[in-house]
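Visitor: Below is upload-v4.txt; it holds compact mmCIF, C-alpha atoms.
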```txt
# COMPACT_ATOMS: atom_id res chain seq x y z
CA MET A 1 0.00 0.00 0.00
CA GLU A 2 1.65 3.25 -1.18
CA LEU A 3 0.32 6.38 0.46
CA SER A 4 1.39 9.91 -0.40
CA LYS A 5 3.05 12.03 2.30
CA GLU A 6 -0.13 14.12 2.58
CA GLN A 7 -2.32 11.02 2.99
CA LYS A 8 -0.02 9.65 5.69
CA ARG A 9 -0.03 12.94 7.59
CA GLU A 10 -3.82 13.17 7.42
CA ILE A 11 -4.27 9.61 8.71
CA ILE A 12 -1.88 10.26 11.59
CA ALA A 13 -3.32 13.66 12.54
CA LYS A 14 -6.91 12.30 12.48
CA ARG A 15 -6.00 9.36 14.69
CA VAL A 16 -4.12 11.51 17.20
CA ALA A 17 -7.14 13.83 17.39
CA GLN A 18 -9.19 10.90 18.78
CA GLU A 19 -6.86 10.78 21.79
CA LEU A 20 -7.78 14.32 22.83
CA HIS A 21 -10.67 14.84 25.20
CA ASP A 22 -12.90 17.72 26.20
CA GLY A 23 -11.05 20.10 28.51
CA ASP A 24 -7.56 18.72 27.82
CA VAL A 25 -4.71 21.21 27.93
CA VAL A 26 -2.67 20.25 24.89
CA THR A 27 0.71 21.37 23.55
CA LEU A 28 1.40 20.53 19.92
CA GLY A 29 4.84 20.40 18.35
CA ILE A 30 5.67 22.19 15.12
CA GLY A 31 4.81 20.47 11.79
CA LEU A 32 2.56 17.40 11.66
CA PRO A 33 1.50 17.68 15.36
CA THR A 34 0.11 21.18 14.71
CA GLU A 35 -2.21 19.69 12.06
CA VAL A 36 -3.91 17.57 14.74
CA ALA A 37 -5.92 20.64 15.83
CA ASN A 38 -7.71 20.60 12.44
CA TYR A 39 -9.28 17.21 13.15
CA VAL A 40 -10.59 17.65 16.69
CA PRO A 41 -14.41 17.29 16.59
CA HIS A 42 -16.33 20.54 17.13
CA ASP A 43 -17.99 19.26 20.31
CA VAL A 44 -14.61 18.50 21.90
CA ASN A 45 -13.10 21.65 23.38
CA ILE A 46 -9.40 21.29 23.90
CA VAL A 47 -7.25 24.12 25.22
CA ILE A 48 -4.12 24.60 23.18
CA GLN A 49 -1.05 25.84 25.05
CA SER A 50 1.82 27.41 23.16
CA GLU A 51 5.24 27.40 24.84
CA ASN A 52 5.99 31.00 23.83
CA GLY A 53 3.34 32.13 26.28
CA MET A 54 -0.34 31.57 25.65
CA ILE A 55 -3.29 29.31 26.29
CA GLY A 56 -6.22 29.29 23.88
CA VAL A 57 -4.48 29.33 20.49
CA GLY A 58 -6.96 29.84 17.67
CA HIS A 59 -6.09 29.67 13.98
CA ARG A 60 -3.63 31.48 11.75
CA ASP A 61 -4.29 35.21 11.78
CA PHE A 62 -4.08 36.57 8.25
CA ASN A 63 -4.90 40.11 9.44
CA ALA A 64 -2.01 40.46 11.90
CA PRO A 65 0.25 43.53 11.78
CA GLU A 66 3.69 43.31 10.16
CA ARG A 67 5.27 42.76 13.58
CA PRO A 68 2.64 40.55 15.20
CA ILE A 69 2.11 40.65 18.97
CA VAL A 70 0.35 37.28 19.18
CA THR A 71 2.16 34.33 17.64
CA ASN A 72 2.49 30.59 18.17
CA ALA A 73 5.81 28.90 18.95
CA GLY A 74 6.65 28.81 15.25
CA GLY A 75 6.40 32.60 15.07
CA ILE A 76 3.18 32.41 13.04
CA PRO A 77 0.56 35.05 13.96
CA VAL A 78 -2.49 33.40 15.51
CA THR A 79 -5.90 34.37 16.81
CA THR A 80 -7.09 33.70 20.35
CA LYS A 81 -10.04 31.54 21.37
CA GLN A 82 -12.53 32.55 24.06
CA GLY A 83 -10.91 32.11 27.47
CA ALA A 84 -7.39 32.67 26.12
CA CYS A 85 -4.66 34.21 28.21
CA PHE A 86 -1.03 35.30 27.84
CA PHE A 87 1.94 34.80 30.14
CA ASP A 88 5.72 34.93 30.21
CA THR A 89 8.14 32.05 29.70
CA THR A 90 8.49 31.32 33.44
CA MET A 91 4.74 30.68 33.69
CA SER A 92 4.73 28.80 30.41
CA PHE A 93 7.27 26.26 31.68
CA THR A 94 5.62 26.10 35.09
CA LEU A 95 2.64 24.79 33.12
CA ILE A 96 4.73 22.49 30.96
CA ARG A 97 7.21 21.01 33.43
CA GLY A 98 4.86 21.15 36.41
CA GLY A 99 2.47 18.53 35.03
CA HIS A 100 -0.33 20.93 34.08
CA VAL A 101 -0.35 19.95 30.40
CA ASP A 102 -2.52 16.88 29.81
CA VAL A 103 -1.19 15.81 26.43
CA THR A 104 1.72 16.76 24.24
CA VAL A 105 2.03 15.62 20.65
CA LEU A 106 5.50 15.67 19.11
CA GLY A 107 7.37 14.28 16.14
CA ALA A 108 10.38 11.97 16.46
CA LEU A 109 13.53 10.84 14.76
CA GLN A 110 13.60 7.62 16.80
CA VAL A 111 11.53 6.02 19.57
CA ASP A 112 12.57 2.82 21.28
CA GLU A 113 11.23 -0.13 23.27
CA GLU A 114 11.75 1.67 26.60
CA GLY A 115 9.83 4.77 25.55
CA ASN A 116 13.03 6.72 25.00
CA LEU A 117 12.70 9.54 22.50
CA ALA A 118 15.23 11.15 20.16
CA ASN A 119 13.90 14.15 18.28
CA TRP A 120 16.29 17.07 18.70
CA MET A 121 19.54 16.39 16.90
CA VAL A 122 21.62 14.28 14.54
CA PRO A 123 25.23 14.95 15.59
CA GLU A 124 27.18 16.95 13.01
CA VAL A 125 24.27 16.88 10.56
CA PHE A 126 21.30 18.60 12.14
CA VAL A 127 21.69 20.49 15.43
CA PRO A 128 18.77 22.91 15.77
CA GLY A 129 18.58 22.75 19.58
CA MET A 130 15.96 21.27 21.87
CA GLY A 131 13.83 24.37 22.35
CA GLY A 132 11.08 23.36 24.78
CA ALA A 133 10.88 19.71 23.70
CA MET A 134 12.86 18.23 26.63
CA ASP A 135 10.68 20.03 29.15
CA LEU A 136 7.45 19.07 27.37
CA VAL A 137 8.29 15.38 27.23
CA VAL A 138 9.30 15.29 30.89
CA GLY A 139 6.37 17.37 32.14
CA ALA A 140 3.26 16.46 30.13
CA LYS A 141 0.97 13.82 31.63
CA LYS A 142 0.72 11.97 28.30
CA VAL A 143 3.31 12.02 25.53
CA ILE A 144 2.09 11.01 22.07
CA ILE A 145 4.58 10.62 19.25
CA ALA A 146 3.00 11.35 15.87
CA MET A 147 5.21 10.43 12.94
CA GLU A 148 5.48 8.55 9.68
CA HIS A 149 6.34 4.95 10.46
CA THR A 150 9.62 5.05 8.51
CA ALA A 151 11.69 7.91 7.10
CA LYS A 152 13.07 7.33 3.59
CA GLY A 153 12.95 3.62 4.27
CA GLU A 154 14.82 4.02 7.56
CA LYS A 155 13.13 2.36 10.57
CA ARG A 156 12.42 4.78 13.40
CA ILE A 157 10.70 2.57 15.95
CA VAL A 158 13.85 0.87 17.16
CA LYS A 159 15.15 -1.50 19.84
CA LYS A 160 17.38 1.19 21.29
CA CYS A 161 17.76 4.82 20.18
CA THR A 162 21.16 5.54 18.65
CA LEU A 163 20.62 9.31 18.39
CA PRO A 164 21.00 11.63 21.42
CA LEU A 165 17.90 11.40 23.60
CA THR A 166 15.36 14.12 24.21
CA ALA A 167 14.15 12.25 27.29
CA ALA A 168 14.33 8.76 28.77
CA HIS A 169 11.24 6.58 29.44
CA GLU A 170 8.67 9.30 28.83
CA VAL A 171 6.76 8.26 25.66
CA ASP A 172 3.27 6.82 26.26
CA MET A 173 1.94 6.22 22.74
CA ILE A 174 3.18 6.11 19.15
CA ILE A 175 0.82 6.86 16.27
CA THR A 176 1.90 6.31 12.67
CA GLU A 177 0.04 5.84 9.37
CA MET A 178 0.35 2.08 9.90
CA CYS A 179 -0.57 1.54 13.53
CA VAL A 180 -1.04 2.68 17.11
CA ILE A 181 1.42 1.44 19.73
CA ASP A 182 1.14 1.69 23.52
CA VAL A 183 4.38 2.02 25.43
CA THR A 184 4.12 -0.18 28.55
CA PRO A 185 6.59 -1.32 31.22
CA GLN A 186 6.63 -4.69 29.38
CA GLY A 187 7.48 -3.08 26.05
CA LEU A 188 5.72 -1.82 22.92
CA VAL A 189 2.21 -3.25 22.59
CA LEU A 190 0.51 -3.13 19.20
CA LYS A 191 -2.91 -1.60 19.82
CA GLU A 192 -4.38 -1.01 16.35
CA ILE A 193 -3.43 -1.67 12.75
CA ASN A 194 -4.66 0.60 9.97
CA PRO A 195 -6.81 -1.75 7.80
CA LEU A 196 -4.82 -0.58 4.77
CA PHE A 197 -1.87 -2.56 6.15
CA SER A 198 -1.24 -6.12 7.30
CA LEU A 199 0.43 -7.27 10.50
CA GLU A 200 3.36 -8.36 8.37
CA ASP A 201 3.69 -4.85 6.86
CA VAL A 202 3.86 -3.37 10.36
CA LEU A 203 6.40 -5.89 11.64
CA ASP A 204 8.56 -5.46 8.52
CA ALA A 205 8.66 -1.69 9.01
CA THR A 206 9.53 -1.92 12.72
CA ASP A 207 12.95 -2.64 14.20
CA ALA A 208 11.71 -2.85 17.79
CA GLU A 209 10.17 -5.98 19.26
CA LEU A 210 6.38 -5.53 19.22
CA ILE A 211 4.11 -7.33 21.64
CA VAL A 212 1.28 -8.51 19.37
CA PRO A 213 -2.05 -9.36 21.01
CA GLU A 214 -3.54 -12.74 20.02
CA ALA A 215 -6.43 -11.12 18.08
CA PHE A 216 -4.03 -9.62 15.53
CA VAL A 217 -2.18 -12.92 15.11
CA GLN A 218 -5.48 -14.79 14.50
CA LYS A 219 -6.54 -12.25 11.91
CA ALA A 220 -3.22 -12.49 10.14
CA VAL A 221 -3.40 -16.27 9.75
CA MET B 222 11.71 58.90 37.66
CA LYS B 223 13.78 56.75 35.34
CA LYS B 224 16.28 57.97 32.84
CA ILE B 225 14.75 58.25 29.37
CA ILE B 226 17.35 57.95 26.63
CA SER B 227 17.39 57.69 22.86
CA ILE B 228 17.70 54.35 21.06
CA ALA B 229 21.18 55.46 19.89
CA GLU B 230 22.26 56.23 23.48
CA ALA B 231 20.95 52.84 24.59
CA GLY B 232 23.06 51.15 21.92
CA LYS B 233 26.21 52.94 23.11
CA LEU B 234 25.77 51.73 26.71
CA VAL B 235 26.55 48.17 25.61
CA LYS B 236 30.31 47.73 25.27
CA ASP B 237 32.47 45.10 23.59
CA ASN B 238 32.89 41.84 25.56
CA ALA B 239 29.62 42.36 27.46
CA SER B 240 27.19 39.57 28.31
CA VAL B 241 23.77 40.56 27.03
CA MET B 242 20.37 39.02 27.60
CA ILE B 243 17.96 39.92 24.82
CA GLY B 244 14.23 39.29 25.12
CA GLY B 245 12.08 37.91 22.33
CA PHE B 246 10.76 34.67 20.91
CA LEU B 247 11.80 34.67 17.26
CA ARG B 248 10.65 38.10 16.02
CA CYS B 249 7.97 38.57 18.65
CA GLY B 250 8.63 40.98 21.53
CA THR B 251 12.26 41.80 20.87
CA PRO B 252 14.06 45.17 21.20
CA ALA B 253 14.79 45.31 17.46
CA LYS B 254 15.77 48.99 17.38
CA ILE B 255 18.45 48.70 20.07
CA ILE B 256 19.78 45.55 18.36
CA ASP B 257 20.07 47.53 15.12
CA GLU B 258 22.23 50.06 17.02
CA LEU B 259 24.56 47.28 18.20
CA VAL B 260 24.80 46.14 14.59
CA LYS B 261 25.59 49.69 13.47
CA ASN B 262 28.18 50.18 16.26
CA LYS B 263 29.75 46.77 15.49
CA THR B 264 29.75 46.01 19.23
CA SER B 265 31.77 42.80 19.34
CA ASN B 266 32.80 39.76 21.36
CA LEU B 267 29.36 39.60 22.94
CA THR B 268 27.98 36.74 24.98
CA LEU B 269 24.36 36.53 23.91
CA ILE B 270 21.70 34.94 26.10
CA ALA B 271 18.39 34.56 24.31
CA ASN B 272 15.65 32.06 23.53
CA ASP B 273 16.80 31.64 19.93
CA THR B 274 19.07 33.24 17.34
CA CYS B 275 16.05 34.43 15.34
CA ILE B 276 16.36 34.55 11.54
CA PRO B 277 19.41 35.89 9.68
CA ASP B 278 17.96 39.25 8.63
CA SER B 279 16.05 40.16 11.78
CA GLY B 280 16.84 41.25 15.34
CA ARG B 281 19.27 38.99 17.23
CA GLY B 282 19.92 37.10 14.02
CA LYS B 283 21.81 40.07 12.58
CA LEU B 284 24.29 40.03 15.48
CA ILE B 285 25.15 36.43 14.55
CA VAL B 286 25.45 37.11 10.83
CA ASN B 287 27.80 40.05 11.54
CA LYS B 288 29.95 37.85 13.79
CA GLN B 289 29.51 40.07 16.83
CA VAL B 290 28.78 37.15 19.14
CA LYS B 291 31.54 34.93 20.57
CA LYS B 292 29.22 32.77 22.65
CA VAL B 293 25.50 32.20 22.63
CA ILE B 294 23.50 30.53 25.37
CA THR B 295 20.19 29.59 23.81
CA THR B 296 17.52 26.92 23.30
CA HIS B 297 17.26 26.87 19.51
CA ILE B 298 19.43 27.86 16.55
CA GLY B 299 17.50 26.06 13.81
CA THR B 300 15.85 29.16 12.37
CA ASN B 301 19.20 30.86 11.70
CA PRO B 302 21.45 28.63 9.55
CA GLU B 303 24.32 31.09 10.08
CA THR B 304 24.60 30.12 13.78
CA GLY B 305 25.03 26.45 12.89
CA LYS B 306 27.56 27.30 10.21
CA GLN B 307 29.69 29.38 12.58
CA MET B 308 29.40 26.64 15.22
CA THR B 309 30.73 24.06 12.74
CA ASN B 310 33.58 26.44 11.81
CA LYS B 311 34.33 27.01 15.52
CA GLU B 312 33.73 30.76 15.09
CA ILE B 313 31.06 30.80 17.79
CA GLU B 314 30.55 28.82 20.97
CA VAL B 315 27.00 27.53 21.33
CA GLU B 316 25.58 26.34 24.65
CA LEU B 317 22.20 24.71 24.03
CA VAL B 318 19.90 24.75 27.04
CA PRO B 319 16.33 23.40 27.33
CA MET B 320 13.90 26.32 27.30
CA GLY B 321 12.44 25.61 30.73
CA THR B 322 15.94 25.33 32.17
CA LEU B 323 17.14 28.57 30.56
CA VAL B 324 14.23 30.51 31.98
CA GLU B 325 14.67 29.02 35.47
CA ARG B 326 18.44 29.67 35.49
CA ILE B 327 17.73 33.32 34.74
CA ARG B 328 14.94 33.40 37.29
CA ALA B 329 17.27 31.91 39.91
CA ALA B 330 19.84 34.66 39.31
CA GLY B 331 17.16 37.34 39.45
CA ALA B 332 15.50 35.88 42.54
CA GLY B 333 18.70 35.40 44.56
CA LEU B 334 18.66 31.61 44.39
CA GLY B 335 21.72 29.38 44.18
CA GLY B 336 20.38 27.47 41.19
CA VAL B 337 17.54 25.14 40.31
CA LEU B 338 16.86 21.40 40.33
CA THR B 339 15.07 20.23 37.21
CA PRO B 340 14.04 16.82 35.90
CA THR B 341 14.47 18.10 32.34
CA GLY B 342 17.44 16.50 30.58
CA VAL B 343 17.92 13.56 32.97
CA GLY B 344 19.32 10.63 30.96
CA THR B 345 20.39 12.92 28.08
CA VAL B 346 23.58 14.78 27.10
CA VAL B 347 22.24 17.77 29.06
CA GLU B 348 23.16 16.09 32.36
CA GLU B 349 26.79 15.47 31.33
CA GLY B 350 29.23 17.09 33.75
CA LYS B 351 26.45 18.22 36.09
CA LYS B 352 25.41 17.14 39.57
CA VAL B 353 22.38 14.82 39.61
CA LEU B 354 20.49 14.63 42.89
CA GLU B 355 17.84 12.14 43.89
CA ILE B 356 14.97 13.67 45.83
CA ASP B 357 12.11 11.46 47.05
CA GLY B 358 13.14 8.81 44.53
CA LYS B 359 13.21 11.15 41.52
CA LYS B 360 16.30 12.41 39.70
CA PHE B 361 17.00 16.10 39.19
CA ILE B 362 19.84 17.97 37.50
CA TYR B 363 21.37 20.89 39.38
CA GLU B 364 21.57 23.92 37.08
CA LYS B 365 23.41 27.12 37.96
CA PRO B 366 21.97 30.64 38.01
CA LEU B 367 22.58 32.78 34.94
CA LYS B 368 23.01 36.55 34.98
CA ALA B 369 24.33 39.15 32.55
CA ASP B 370 25.84 42.61 32.33
CA PHE B 371 22.90 43.88 30.32
CA ALA B 372 19.29 42.94 29.66
CA LEU B 373 17.77 44.48 26.55
CA ILE B 374 14.04 44.04 26.71
CA TYR B 375 10.95 45.16 24.85
CA ALA B 376 7.67 46.63 26.08
CA ASN B 377 4.62 48.07 24.37
CA LYS B 378 4.08 50.83 26.88
CA VAL B 379 6.33 52.17 29.64
CA ASP B 380 5.60 54.98 32.10
CA LYS B 381 8.18 57.34 33.59
CA PHE B 382 8.56 55.09 36.61
CA GLY B 383 9.76 52.33 34.32
CA ASN B 384 6.63 50.28 34.82
CA ALA B 385 6.12 48.30 31.65
CA PHE B 386 3.10 46.77 29.98
CA LEU B 387 3.65 43.95 27.51
CA GLU B 388 0.94 42.79 25.17
CA GLY B 389 0.13 39.33 23.83
CA THR B 390 3.00 36.88 23.47
CA THR B 391 5.62 39.65 23.60
CA ARG B 392 6.11 38.89 27.31
CA ASN B 393 8.19 35.74 26.75
CA PHE B 394 11.73 36.10 28.20
CA ASN B 395 11.48 39.89 28.67
CA VAL B 396 9.90 39.63 32.12
CA VAL B 397 12.48 37.33 33.71
CA MET B 398 15.47 38.95 32.00
CA ALA B 399 14.54 42.28 33.60
CA THR B 400 15.40 40.73 36.97
CA ALA B 401 18.81 39.24 36.19
CA ALA B 402 21.14 41.85 34.69
CA ASP B 403 23.28 44.66 36.14
CA THR B 404 21.82 47.17 33.69
CA VAL B 405 18.31 46.79 32.31
CA ILE B 406 17.29 48.79 29.26
CA VAL B 407 13.71 48.65 28.03
CA GLU B 408 12.92 49.58 24.45
CA ALA B 409 9.54 51.27 24.74
CA GLN B 410 7.31 51.26 21.74
CA GLU B 411 5.41 54.01 23.52
CA ILE B 412 6.20 56.12 26.58
CA SER B 413 3.11 56.89 28.61
CA GLU B 414 2.88 60.41 30.05
CA GLU B 415 0.39 59.11 32.59
CA PRO B 416 1.50 56.47 35.13
CA LEU B 417 0.26 53.01 34.11
CA ASP B 418 -2.66 51.57 36.04
CA PRO B 419 -0.86 49.52 38.75
CA ASN B 420 -3.20 46.62 37.97
CA TYR B 421 -1.78 46.33 34.48
CA VAL B 422 1.96 46.49 35.07
CA THR B 423 3.74 43.44 33.59
CA ILE B 424 7.27 44.40 34.74
CA PRO B 425 7.67 46.50 37.89
CA GLY B 426 9.62 49.68 37.14
CA VAL B 427 12.11 49.02 39.96
CA PHE B 428 13.88 46.50 37.72
CA VAL B 429 14.37 49.00 34.90
CA ASP B 430 17.43 51.31 34.67
CA TYR B 431 16.86 53.03 31.33
CA ILE B 432 13.87 53.59 29.08
CA ALA B 433 14.89 53.87 25.44
CA ASN B 434 12.61 55.42 22.87
```
What is this file in structure tokens?
Guide:
Amino acid sequence: MELSKEQKREIIAKRVAQELHDGDVVTLGIGLPTEVANYVPHDVNIVIQSENGMIGVGHRDFNAPERPIVTNAGGIPVTTKQGACFFDTTMSFTLIRGGHVDVTVLGALQVDEEGNLANWMVPEVFVPGMGGAMDLVVGAKKVIIAMEHTAKGEKRIVKKCTLPLTAAHEVDMIITEMCVIDVTPQGLVLKEINPLFSLEDVLDATDAELIVPEAFVQKAV
Amino acid sequence: MKKIISIAEAGKLVKDNASVMIGGFLRCGTPAKIIDELVKNKTSNLTLIANDTCIPDSGRGKLIVNKQVKKVITTHIGTNPETGKQMTNKEIEVELVPMGTLVERIRAAGAGLGGVLTPTGVGTVVEEGKKVLEIDGKKFIYEKPLKADFALIYANKVDKFGNAFLEGTTRNFNVVMATAADTVIVEAQEISEEPLDPNYVTIPGVFVDYIAN
């Protein structure tokens, strides 16, 4: 099954959106995670926190002044939703690190069997800095990794991360275009398979050991 | 009453070799006019402390492009390719710090604390060479306070007492940086003739040394 990049991103963003519940305070990473907000049902009111200092992020503001005074963490001007508020970076990371964010959704370069995450650098190739990612992963109650299952054929759900870690043992769930994986003390448990793919497809695209519930095995036979 | 100075005078206060905290999150809420003065004056050998190194042709980013910075302590350099290039060429020293840790290190200096204990970075390269303490069964990294010679900050409206009001997401690092430098200069978009309503003061004027406009 060949999906385009856009199709994969839409599948992932839609599935992540189902994990968000009414009233959740949510911080979304830049890129694919930001798209999750577009798929949250209208009757589910989530509160989006942005690490640069606001709660209640709306949508892109096309009428903002040349030097906008309200932006998201990517520097994009945004509108505010009802109930929004602004604060400085100290307060923002009190929220983030202090366990007041219910869910964070981030991308990854690698995730491993122990819930370790690498998403901030590739030594000597790509060193942008960690920004707020290390704090988010340590502080949020639930950490969801939203990413394409493989990158240019390279497996990213691995036995052990080889890239520098963002945080150790903090990932709770991995959502890709192929499947949903729960990170448990026993290891990575396969929770759902996208019907477009087979169990074999998922296992072939995964380096880590997956714990496969009996129901999936039966179906595959 | 605080000393009100011109943007050009503010720029001249910052000398070569100074450590300078500059407020702003990318282009939002940054003292862009004072930075332009530093660019014009070619103030050099600076240690820059800021959330990010912005983009090459704006604000803090220009200081990097013009090679006026010898060391930067920051959370993110990805939006300014020039910073990474100079880092690779060993023309600039880059200390990458998690955002929540950077803000708390500055807060510690401003609040008279001997440092902070944070769980952020445990089990990563961030903990290398640092003390790790276990408190009630949980690991924390000890991080030192961080202060500077100057803090250059931005505010929308400042009264003559130095009380500053900051709108929207311009608050970011400006508030904490005002507490942790020997000399604090606020770039006021507008100086208010009337004192600000005390209920709406974001940064107490006592932290501010100069108002630049």
Visitor: At a cut-off of 9 Å, which residues of chain B touch chain A? Count only C-alpha atoms and give the answer as a PyMOL selection string.
Guide: chain B and resi 246-250+272-273+295-302+305+309+317-322+324-325+328+339-346+388-397
Visitor: Write out as a ChimeraX atom specification the residues lying within 12 Å of Ser198 in chain A, counting all atoms listed in the file and excluding same-chain residues fewer than 5 positions away.
Guide: /A:1,178-179,192-193,203-205,216-217,219-221
Visitor: Could you tell me, as a PyMOL selection string, which residues have any atom at most 6 Å from (1.5, 8.9, 28.3), counting all atoms listed in the file?
Guide: chain A and resi 141-143+171-172
Visitor: Nearest residue to Glu314 in chain B out of B:Thr423, B:Thr268, B:Asn238, B:Thr400, using all atoms listed in the file?
Guide: B:Thr268
Visitor: Restricting the calculation to only C-alpha atoms: of A:Glu154, A:Glu200, A:Asp43, A:Glu113, which residue gets closest to Ile181 in chain A?
Guide: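 So, comparing all the options, the nearest one is A:Glu113.
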Visitor: When you draw a straight line from CA of Ala17 in chain A to CA of Ile174 in chain A, how long is it in Å?
Guide: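 Computed distance, CA of Ala17 in chain A to CA of Ile174 in chain A, equals 13.0 Å.
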Visitor: Could you tell me how far CA of Met222 in chain B lies from CA of Gly244 in chain B, in Å and to one decimal?
Guide: 23.4 Å
Visitor: CA of His100 in chain A to CA of Ala401 in chain B: how many Å, to one decimal?
Guide: 26.6 Å
